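Engineer: Structure provided below as structure tokens; questions to follow.
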Amino acid sequence: MLHPPTDRDILLVVDVQNDFLPGGALGVRDGDAVVPIVNRLARRYAHVILTQDWHVAGHLSFASTHPGKAPFEAIELPYGPQLLWPDHCVQGTAGAAFAPGLDIPQTELVLRKGYRREIDSYSAFVEADRVTPTGLAGYLRERGFTRVHLAGLATDFCVAWSAVDARRCGFDVVVVGDACRAIDTAGSLDAAWTRMRDAGVVEIRSSELPGIF
Ligand code: VGL
Ligand code: ZN
């Protein structure tokens, strides 16, 4: 039985930004559905962090940066394979802003990621080169958090990578499944859940969190 959130629990709301909503540059199907769910979920948590995908123009994860390449193709970068995306979440643009309906006034920290042109960062903990830390693990440890709950977009990329890395950093991890939506390209959603389960990530529904709905 899951215990209710305490001062050792943090809710990490991943990338609920305009470009990931339907009609956005990298729109996630039904992505807007998470906004009211996340708003309601967040009321149960004293401590909330938002992540914000925050790329420079000409980012190496953009297909447009690589002549002849199309979104959803993969290329090799010095740190390994990189899936290419439509230009999205460019710093300071409307697409990079949080969804207008997102309403979590107690948010304590906004963590931006993916701001180095040469390195993508799905994970809120370690960039895609797998060695550059974002600083979040140290922040959470110093604050005394031991369990990370995740919700947001997209299940199979930024949520999954963050969840697995949170486990690697030694945190208990809970993904609130119905508060996430997926891109689901080339089997990525099934693969992500396999990696999360293998890492010891627990999946719950928001209705299972004591006293929410
Ligand atoms: C994301 C692809 C590229 C995400 C971010 O938030 O899941 N996916 N950048
Ligand atoms: Zn991105």
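By order of appearance in the structure tokens: chains A, B, ..., then residues from 1 within every chain, and ligands from 1 in the order shown.
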What's around Thr155 in chain A at 9 Å? Count only C-alpha atoms, leave out sequence neighbours fewer than 5 positions away in its own chain, and write the answer as a list of chain:residue names.
Structural biologist: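 Near Thr155 in chain A, the qualifying residues are A:Ala160, A:Trp161, A:Gly177, A:Cys180, A:Arg181, A:Ala182, A:Ile183, A:Asp184, A:Leu189, A:Ala192, A:Trp193.
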Engineer: Taking the DSSP secondary structure from the backbone, can you list the residues of range 110-141 of chain A that are alpha helix (DSSP H), as an mmCIF file with C-alpha atoms, in the first residue's frame?
Structural biologist:
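Dumped everything to states33.cif:
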data_model
loop_
_atom_site.group_PDB
_atom_site.id
_atom_site.type_symbol
_atom_site.label_atom_id
_atom_site.label_comp_id
_atom_site.auth_asym_id
_atom_site.auth_seq_id
_atom_site.Cartn_x
_atom_site.Cartn_y
_atom_site.Cartn_z
ATOM 1 C CA LEU A 136 18.761 17.525 -9.668
ATOM 2 C CA ALA A 137 19.929 14.437 -7.741
ATOM 3 C CA GLY A 138 22.100 16.587 -5.490
ATOM 4 C CA TYR A 139 19.282 19.072 -5.002
ATOM 5 C CA LEU A 140 16.826 16.352 -4.010
ATOM 6 C CA ARG A 141 19.322 14.682 -1.656
#
Engineer: Under the rule that only C-alpha atoms are counted, which of A:Gly187, A:Gly170, A:Pro78, A:Pro86 is the nearest residue to Gly24 in chain A?
Structural biologist: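 Ranking A:Gly187, A:Gly170, A:Pro78, A:Pro86 by distance to Gly24 in chain A, first place goes to A:Pro86.
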Engineer: Enumerate residues in contact with ligand 2: an atom-to-atom distance of at most 8 Å, counting only C-alpha atoms and all ligand atoms. Format the result as a PyMOL selection string.
Structural biologist: chain A and resi 53-55+61+85+88-89+114+120-122
Engineer: Which residues are near range 93-98 of chain A? Cut-off 12 Å, only C-alpha atoms, ignore same chain within fewer than 5 positions. Put them as a VMD selection string.
Structural biologist: chain A and resid 13 to 27 32 35 50 to 57 86 to 88 103 to 104 110 112 to 115 152 to 153
Engineer: Would you mind exporting C-alpha atoms of the selected residues as an mmCIF file, in the first residue's frame?
Structural biologist:
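Result saved to result00.cif:
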data_model
loop_
_atom_site.group_PDB
_atom_site.id
_atom_site.type_symbol
_atom_site.label_atom_id
_atom_site.label_comp_id
_atom_site.auth_asym_id
_atom_site.auth_seq_id
_atom_site.Cartn_x
_atom_site.Cartn_y
_atom_site.Cartn_z
ATOM 1 C CA VAL A 13 5.939 17.249 -13.448
ATOM 2 C CA VAL A 14 7.718 16.597 -16.733
ATOM 3 C CA ASP A 15 7.564 18.918 -19.753
ATOM 4 C CA VAL A 16 3.892 19.976 -19.739
ATOM 5 C CA GLN A 17 4.692 22.554 -22.419
ATOM 6 C CA ASN A 18 2.753 23.895 -25.391
ATOM 7 C CA ASP A 19 4.907 22.167 -28.017
ATOM 8 C CA PHE A 20 3.972 18.775 -26.535
ATOM 9 C CA LEU A 21 0.228 19.466 -26.621
ATOM 10 C CA PRO A 22 -1.928 18.561 -29.649
ATOM 11 C CA GLY A 23 -1.239 21.188 -32.339
ATOM 12 C CA GLY A 24 2.225 21.867 -30.924
ATOM 13 C CA ALA A 25 5.496 21.301 -32.777
ATOM 14 C CA LEU A 26 5.899 17.837 -31.225
ATOM 15 C CA GLY A 27 2.309 17.286 -30.190
ATOM 16 C CA ASP A 32 -3.664 18.107 -23.113
ATOM 17 C CA VAL A 35 -3.223 19.103 -17.525
ATOM 18 C CA LEU A 50 8.462 21.269 -12.972
ATOM 19 C CA THR A 51 10.838 20.334 -15.762
ATOM 20 C CA GLN A 52 10.989 22.382 -18.946
ATOM 21 C CA ASP A 53 12.558 21.187 -22.207
ATOM 22 C CA TRP A 54 14.648 24.227 -23.177
ATOM 23 C CA HIS A 55 16.596 23.954 -26.424
ATOM 24 C CA VAL A 56 18.660 26.505 -28.299
ATOM 25 C CA ALA A 57 17.758 27.106 -31.953
ATOM 26 C CA PRO A 86 10.819 18.546 -35.182
ATOM 27 C CA ASP A 87 12.140 21.855 -33.826
ATOM 28 C CA HIS A 88 10.493 22.180 -30.422
ATOM 29 C CA ASP A 103 -1.874 25.503 -12.216
ATOM 30 C CA ILE A 104 0.531 24.397 -9.483
ATOM 31 C CA VAL A 110 11.663 24.819 -12.452
ATOM 32 C CA ARG A 112 15.364 23.418 -17.484
ATOM 33 C CA LYS A 113 17.149 20.811 -19.556
ATOM 34 C CA GLY A 114 18.462 20.261 -23.079
ATOM 35 C CA TYR A 115 19.977 23.753 -23.264
ATOM 36 C CA GLY A 152 3.674 14.582 -17.560
ATOM 37 C CA LEU A 153 4.977 14.233 -21.118
#
Engineer: Do a neighbour search on range 195-212 of chain A at 12 Å with only C-alpha atoms, toss out local chain neighbours closer than 4 positions, and write the hits as a PDB file with N, CA, C and O atoms, in the first residue's frame.
Structural biologist:
ATOM      1  N   MET A   1       0.855  -1.213   0.000  1.00  0.00           N
ATOM      2  CA  MET A   1       0.000   0.000   0.000  1.00  0.00           C
ATOM      3  C   MET A   1       0.876   1.243   0.000  1.00  0.00           C
ATOM      4  O   MET A   1       1.811   1.365   0.774  1.00  0.00           O
ATOM      5  N   LEU A   2       0.558   2.116  -0.898  1.00  0.00           N
ATOM      6  CA  LEU A   2       1.337   3.345  -1.033  1.00  0.00           C
ATOM      7  C   LEU A   2       0.994   4.273   0.123  1.00  0.00           C
ATOM      8  O   LEU A   2      -0.177   4.460   0.438  1.00  0.00           O
ATOM      9  N   HIS A   3       2.029   4.835   0.756  1.00  0.00           N
ATOM     10  CA  HIS A   3       1.694   5.793   1.813  1.00  0.00           C
ATOM     11  C   HIS A   3       1.471   7.173   1.194  1.00  0.00           C
ATOM     12  O   HIS A   3       1.941   7.447   0.104  1.00  0.00           O
ATOM     13  N   PRO A   4       0.703   8.019   1.862  1.00  0.00           N
ATOM     14  CA  PRO A   4       0.434   9.349   1.300  1.00  0.00           C
ATOM     15  C   PRO A   4       1.720  10.154   1.209  1.00  0.00           C
ATOM     16  O   PRO A   4       2.654   9.918   1.970  1.00  0.00           O
ATOM     17  N   PRO A   5       1.766  11.121   0.274  1.00  0.00           N
ATOM     18  CA  PRO A   5       2.980  11.935   0.144  1.00  0.00           C
ATOM     19  C   PRO A   5       3.329  12.647   1.448  1.00  0.00           C
ATOM     20  O   PRO A   5       2.457  13.159   2.149  1.00  0.00           O
ATOM     21  N   THR A   6       4.620  12.647   1.767  1.00  0.00           N
ATOM     22  CA  THR A   6       5.124  13.314   2.963  1.00  0.00           C
ATOM     23  C   THR A   6       6.185  14.336   2.537  1.00  0.00           C
ATOM     24  O   THR A   6       6.371  14.575   1.343  1.00  0.00           O
ATOM     25  N   VAL A  34      -3.530  15.558 -19.763  1.00  0.00           N
ATOM     26  CA  VAL A  34      -2.809  15.445 -18.484  1.00  0.00           C
ATOM     27  C   VAL A  34      -2.918  16.720 -17.645  1.00  0.00           C
ATOM     28  O   VAL A  34      -2.687  16.676 -16.429  1.00  0.00           O
ATOM     29  N   PRO A  36      -5.466  18.822 -16.505  1.00  0.00           N
ATOM     30  CA  PRO A  36      -6.326  18.800 -15.301  1.00  0.00           C
ATOM     31  C   PRO A  36      -5.971  17.672 -14.340  1.00  0.00           C
ATOM     32  O   PRO A  36      -6.120  17.831 -13.119  1.00  0.00           O
ATOM     33  N   ILE A  37      -5.492  16.550 -14.868  1.00  0.00           N
ATOM     34  CA  ILE A  37      -5.133  15.419 -13.992  1.00  0.00           C
ATOM     35  C   ILE A  37      -3.936  15.798 -13.128  1.00  0.00           C
ATOM     36  O   ILE A  37      -3.913  15.570 -11.914  1.00  0.00           O
ATOM     37  N   VAL A  38      -2.937  16.413 -13.755  1.00  0.00           N
ATOM     38  CA  VAL A  38      -1.738  16.829 -13.013  1.00  0.00           C
ATOM     39  C   VAL A  38      -2.090  17.924 -12.003  1.00  0.00           C
ATOM     40  O   VAL A  38      -1.593  17.913 -10.867  1.00  0.00           O
ATOM     41  N   ASN A  39      -2.940  18.852 -12.391  1.00  0.00           N
ATOM     42  CA  ASN A  39      -3.333  19.913 -11.453  1.00  0.00           C
ATOM     43  C   ASN A  39      -3.957  19.330 -10.187  1.00  0.00           C
ATOM     44  O   ASN A  39      -3.633  19.738  -9.067  1.00  0.00           O
ATOM     45  N   ARG A  40      -4.846  18.345 -10.397  1.00  0.00           N
ATOM     46  CA  ARG A  40      -5.528  17.734  -9.269  1.00  0.00           C
ATOM     47  C   ARG A  40      -4.550  16.909  -8.438  1.00  0.00           C
ATOM     48  O   ARG A  40      -4.550  16.947  -7.217  1.00  0.00           O
ATOM     49  N   LEU A  41      -3.709  16.153  -9.142  1.00  0.00           N
ATOM     50  CA  LEU A  41      -2.705  15.324  -8.472  1.00  0.00           C
ATOM     51  C   LEU A  41      -1.806  16.179  -7.582  1.00  0.00           C
ATOM     52  O   LEU A  41      -1.504  15.834  -6.432  1.00  0.00           O
ATOM     53  N   ALA A  42      -1.382  17.308  -8.123  1.00  0.00           N
ATOM     54  CA  ALA A  42      -0.397  18.149  -7.425  1.00  0.00           C
ATOM     55  C   ALA A  42      -0.917  18.681  -6.100  1.00  0.00           C
ATOM     56  O   ALA A  42      -0.133  19.015  -5.209  1.00  0.00           O
ATOM     57  N   ARG A  43      -2.240  18.749  -5.959  1.00  0.00           N
ATOM     58  CA  ARG A  43      -2.787  19.250  -4.686  1.00  0.00           C
ATOM     59  C   ARG A  43      -2.437  18.343  -3.514  1.00  0.00           C
ATOM     60  O   ARG A  43      -2.523  18.760  -2.356  1.00  0.00           O
ATOM     61  N   ARG A  44      -2.061  17.102  -3.806  1.00  0.00           N
ATOM     62  CA  ARG A  44      -1.710  16.160  -2.744  1.00  0.00           C
ATOM     63  C   ARG A  44      -0.268  16.316  -2.279  1.00  0.00           C
ATOM     64  O   ARG A  44       0.140  15.683  -1.320  1.00  0.00           O
ATOM     65  N   TYR A  45       0.515  17.115  -3.006  1.00  0.00           N
ATOM     66  CA  TYR A  45       1.952  17.188  -2.731  1.00  0.00           C
ATOM     67  C   TYR A  45       2.331  18.560  -2.182  1.00  0.00           C
ATOM     68  O   TYR A  45       2.014  19.589  -2.774  1.00  0.00           O
ATOM     69  N   ARG A 147      11.724   9.865  -2.282  1.00  0.00           N
ATOM     70  CA  ARG A 147      10.849   9.221  -3.263  1.00  0.00           C
ATOM     71  C   ARG A 147      10.395  10.250  -4.294  1.00  0.00           C
ATOM     72  O   ARG A 147       9.929  11.335  -3.937  1.00  0.00           O
ATOM     73  N   VAL A 148      10.557   9.894  -5.573  1.00  0.00           N
ATOM     74  CA  VAL A 148      10.203  10.777  -6.685  1.00  0.00           C
ATOM     75  C   VAL A 148       8.973  10.217  -7.383  1.00  0.00           C
ATOM     76  O   VAL A 148       8.958   9.053  -7.787  1.00  0.00           O
ATOM     77  N   HIS A 149       7.945  11.048  -7.513  1.00  0.00           N
ATOM     78  CA  HIS A 149       6.740  10.684  -8.255  1.00  0.00           C
ATOM     79  C   HIS A 149       6.771  11.456  -9.566  1.00  0.00           C
ATOM     80  O   HIS A 149       7.082  12.652  -9.569  1.00  0.00           O
ATOM     81  N   LEU A 150       6.429  10.799 -10.673  1.00  0.00           N
ATOM     82  CA  LEU A 150       6.493  11.479 -11.965  1.00  0.00           C
ATOM     83  C   LEU A 150       5.151  11.478 -12.668  1.00  0.00           C
ATOM     84  O   LEU A 150       4.397  10.497 -12.620  1.00  0.00           O
ATOM     85  N   ALA A 151       4.899  12.589 -13.387  1.00  0.00           N
ATOM     86  CA  ALA A 151       3.734  12.736 -14.240  1.00  0.00           C
ATOM     87  C   ALA A 151       4.133  13.656 -15.377  1.00  0.00           C
ATOM     88  O   ALA A 151       5.112  14.387 -15.266  1.00  0.00           O
ATOM     89  N   THR A 155       5.525   9.974 -21.733  1.00  0.00           N
ATOM     90  CA  THR A 155       5.789   8.755 -20.958  1.00  0.00           C
ATOM     91  C   THR A 155       7.052   8.043 -21.411  1.00  0.00           C
ATOM     92  O   THR A 155       7.869   7.606 -20.583  1.00  0.00           O
ATOM     93  N   ASP A 156       7.194   7.873 -22.744  1.00  0.00           N
ATOM     94  CA  ASP A 156       8.240   7.008 -23.294  1.00  0.00           C
ATOM     95  C   ASP A 156       9.571   7.716 -23.496  1.00  0.00           C
ATOM     96  O   ASP A 156      10.552   7.064 -23.861  1.00  0.00           O
ATOM     97  N   PHE A 157       9.645   9.010 -23.279  1.00  0.00           N
ATOM     98  CA  PHE A 157      10.926   9.708 -23.416  1.00  0.00           C
ATOM     99  C   PHE A 157      11.284  10.402 -22.105  1.00  0.00           C
ATOM    100  O   PHE A 157      11.925   9.810 -21.243  1.00  0.00           O
ATOM    101  N   VAL A 159       9.660  11.241 -19.366  1.00  0.00           N
ATOM    102  CA  VAL A 159       9.213  10.629 -18.106  1.00  0.00           C
ATOM    103  C   VAL A 159      10.016   9.362 -17.842  1.00  0.00           C
ATOM    104  O   VAL A 159      10.570   9.171 -16.748  1.00  0.00           O
ATOM    105  N   ALA A 160      10.125   8.486 -18.851  1.00  0.00           N
ATOM    106  CA  ALA A 160      10.808   7.200 -18.642  1.00  0.00           C
ATOM    107  C   ALA A 160      12.290   7.395 -18.313  1.00  0.00           C
ATOM    108  O   ALA A 160      12.814   6.778 -17.379  1.00  0.00           O
ATOM    109  N   TRP A 161      12.968   8.241 -19.057  1.00  0.00           N
ATOM    110  CA  TRP A 161      14.401   8.444 -18.796  1.00  0.00           C
ATOM    111  C   TRP A 161      14.622   9.049 -17.409  1.00  0.00           C
ATOM    112  O   TRP A 161      15.563   8.684 -16.705  1.00  0.00           O
ATOM    113  N   SER A 162      13.755   9.954 -17.032  1.00  0.00           N
ATOM    114  CA  SER A 162      13.885  10.564 -15.702  1.00  0.00           C
ATOM    115  C   SER A 162      13.615   9.536 -14.615  1.00  0.00           C
ATOM    116  O   SER A 162      14.305   9.503 -13.589  1.00  0.00           O
ATOM    117  N   ALA A 163      12.613   8.677 -14.839  1.00  0.00           N
ATOM    118  CA  ALA A 163      12.256   7.673 -13.836  1.00  0.00           C
ATOM    119  C   ALA A 163      13.394   6.678 -13.639  1.00  0.00           C
ATOM    120  O   ALA A 163      13.776   6.358 -12.508  1.00  0.00           O
ATOM    121  N   VAL A 164      13.959   6.198 -14.735  1.00  0.00           N
ATOM    122  CA  VAL A 164      15.048   5.217 -14.643  1.00  0.00           C
ATOM    123  C   VAL A 164      16.279   5.852 -13.992  1.00  0.00           C
ATOM    124  O   VAL A 164      16.928   5.244 -13.125  1.00  0.00           O
ATOM    125  N   ASP A 165      16.572   7.076 -14.368  1.00  0.00           N
ATOM    126  CA  ASP A 165      17.738   7.743 -13.760  1.00  0.00           C
ATOM    127  C   ASP A 165      17.509   8.048 -12.281  1.00  0.00           C
ATOM    128  O   ASP A 165      18.446   7.996 -11.480  1.00  0.00           O
ATOM    129  N   ALA A 166      16.285   8.348 -11.912  1.00  0.00           N
ATOM    130  CA  ALA A 166      16.000   8.578 -10.490  1.00  0.00           C
ATOM    131  C   ALA A 166      16.289   7.308  -9.695  1.00  0.00           C
ATOM    132  O   ALA A 166      16.857   7.360  -8.595  1.00  0.00           O
ATOM    133  N   ARG A 167      15.924   6.148 -10.242  1.00  0.00           N
ATOM    134  CA  ARG A 167      16.264   4.878  -9.586  1.00  0.00           C
ATOM    135  C   ARG A 167      17.778   4.726  -9.483  1.00  0.00           C
ATOM    136  O   ARG A 167      18.304   4.362  -8.437  1.00  0.00           O
ATOM    137  N   ARG A 168      18.480   5.006 -10.605  1.00  0.00           N
ATOM    138  CA  ARG A 168      19.948   4.877 -10.596  1.00  0.00           C
ATOM    139  C   ARG A 168      20.571   5.778  -9.535  1.00  0.00           C
ATOM    140  O   ARG A 168      21.622   5.470  -8.992  1.00  0.00           O
ATOM    141  N   CYS A 169      19.938   6.906  -9.287  1.00  0.00           N
ATOM    142  CA  CYS A 169      20.451   7.846  -8.286  1.00  0.00           C
ATOM    143  C   CYS A 169      20.034   7.443  -6.875  1.00  0.00           C
ATOM    144  O   CYS A 169      20.362   8.146  -5.913  1.00  0.00           O
ATOM    145  N   GLY A 170      19.284   6.351  -6.758  1.00  0.00           N
ATOM    146  CA  GLY A 170      18.981   5.810  -5.433  1.00  0.00           C
ATOM    147  C   GLY A 170      17.641   6.203  -4.843  1.00  0.00           C
ATOM    148  O   GLY A 170      17.379   5.919  -3.672  1.00  0.00           O
ATOM    149  N   PHE A 171      16.785   6.835  -5.641  1.00  0.00           N
ATOM    150  CA  PHE A 171      15.464   7.228  -5.131  1.00  0.00           C
ATOM    151  C   PHE A 171      14.440   6.120  -5.384  1.00  0.00           C
ATOM    152  O   PHE A 171      14.562   5.359  -6.337  1.00  0.00           O
ATOM    153  N   ASP A 172      13.451   6.039  -4.508  1.00  0.00           N
ATOM    154  CA  ASP A 172      12.254   5.268  -4.832  1.00  0.00           C
ATOM    155  C   ASP A 172      11.503   6.056  -5.898  1.00  0.00           C
ATOM    156  O   ASP A 172      11.483   7.296  -5.854  1.00  0.00           O
ATOM    157  N   VAL A 173      10.879   5.348  -6.828  1.00  0.00           N
ATOM    158  CA  VAL A 173      10.258   6.040  -7.958  1.00  0.00           C
ATOM    159  C   VAL A 173       8.877   5.479  -8.249  1.00  0.00           C
ATOM    160  O   VAL A 173       8.691   4.262  -8.350  1.00  0.00           O
ATOM    161  N   VAL A 174       7.941   6.390  -8.396  1.00  0.00           N
ATOM    162  CA  VAL A 174       6.545   6.060  -8.706  1.00  0.00           C
ATOM    163  C   VAL A 174       6.141   6.872  -9.940  1.00  0.00           C
ATOM    164  O   VAL A 174       6.304   8.092  -9.951  1.00  0.00           O
ATOM    165  N   VAL A 175       5.645   6.201 -10.972  1.00  0.00           N
ATOM    166  CA  VAL A 175       5.100   6.920 -12.130  1.00  0.00           C
ATOM    167  C   VAL A 175       3.579   6.840 -12.067  1.00  0.00           C
ATOM    168  O   VAL A 175       3.007   5.755 -11.940  1.00  0.00           O
ATOM    169  N   VAL A 176       2.939   7.984 -12.140  1.00  0.00           N
ATOM    170  CA  VAL A 176       1.473   8.040 -12.114  1.00  0.00           C
ATOM    171  C   VAL A 176       0.999   7.912 -13.563  1.00  0.00           C
ATOM    172  O   VAL A 176       0.959   8.887 -14.323  1.00  0.00           O
ATOM    173  N   GLY A 177       0.661   6.682 -13.939  1.00  0.00           N
ATOM    174  CA  GLY A 177       0.456   6.345 -15.350  1.00  0.00           C
ATOM    175  C   GLY A 177      -0.610   7.161 -16.047  1.00  0.00           C
ATOM    176  O   GLY A 177      -0.412   7.614 -17.181  1.00  0.00           O
ATOM    177  N   ASP A 178      -1.739   7.383 -15.390  1.00  0.00           N
ATOM    178  CA  ASP A 178      -2.831   8.095 -16.052  1.00  0.00           C
ATOM    179  C   ASP A 178      -2.580   9.601 -16.120  1.00  0.00           C
ATOM    180  O   ASP A 178      -3.323  10.325 -16.785  1.00  0.00           O
ATOM    181  N   ALA A 179      -1.511  10.067 -15.491  1.00  0.00           N
ATOM    182  CA  ALA A 179      -1.141  11.486 -15.553  1.00  0.00           C
ATOM    183  C   ALA A 179      -0.016  11.705 -16.570  1.00  0.00           C
ATOM    184  O   ALA A 179       0.657  12.737 -16.546  1.00  0.00           O
ATOM    185  N   CYS A 180       0.192  10.735 -17.468  1.00  0.00           N
ATOM    186  CA  CYS A 180       1.215  10.809 -18.520  1.00  0.00           C
ATOM    187  C   CYS A 180       0.581  10.459 -19.865  1.00  0.00           C
ATOM    188  O   CYS A 180      -0.418   9.752 -19.911  1.00  0.00           O
ATOM    189  N   SER A 188       8.305   2.552 -28.872  1.00  0.00           N
ATOM    190  CA  SER A 188       9.008   3.205 -27.759  1.00  0.00           C
ATOM    191  C   SER A 188       8.262   3.109 -26.429  1.00  0.00           C
ATOM    192  O   SER A 188       8.896   3.079 -25.370  1.00  0.00           O
ATOM    193  N   LEU A 189       6.935   3.030 -26.468  1.00  0.00           N
ATOM    194  CA  LEU A 189       6.208   3.014 -25.193  1.00  0.00           C
ATOM    195  C   LEU A 189       6.388   1.672 -24.472  1.00  0.00           C
ATOM    196  O   LEU A 189       6.709   1.646 -23.279  1.00  0.00           O
ATOM    197  N   ASP A 190       6.227   0.569 -25.200  1.00  0.00           N
ATOM    198  CA  ASP A 190       6.436  -0.750 -24.578  1.00  0.00           C
ATOM    199  C   ASP A 190       7.869  -0.872 -24.074  1.00  0.00           C
ATOM    200  O   ASP A 190       8.113  -1.377 -22.973  1.00  0.00           O
ATOM    201  N   ALA A 191       8.822  -0.424 -24.901  1.00  0.00           N
ATOM    202  CA  ALA A 191      10.233  -0.526 -24.507  1.00  0.00           C
ATOM    203  C   ALA A 191      10.502   0.291 -23.248  1.00  0.00           C
ATOM    204  O   ALA A 191      11.235  -0.137 -22.346  1.00  0.00           O
TER     205      ALA A 191
END
Engineer: Have a look at A:Leu84, A:Ala74, A:Ala186, A:Ile119 and name the one nearest to ligand 1; count only C-alpha atoms and all ligand atoms.
Structural biologist: A:Leu84
Engineer: Could you please determine the separation between CA of Leu12 in chain A and CA of Ala124 in chain A in Å, to one decimal place?
Structural biologist: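 Separating CA of Leu12 in chain A from CA of Ala124 in chain A is a distance of 9.1 Å.
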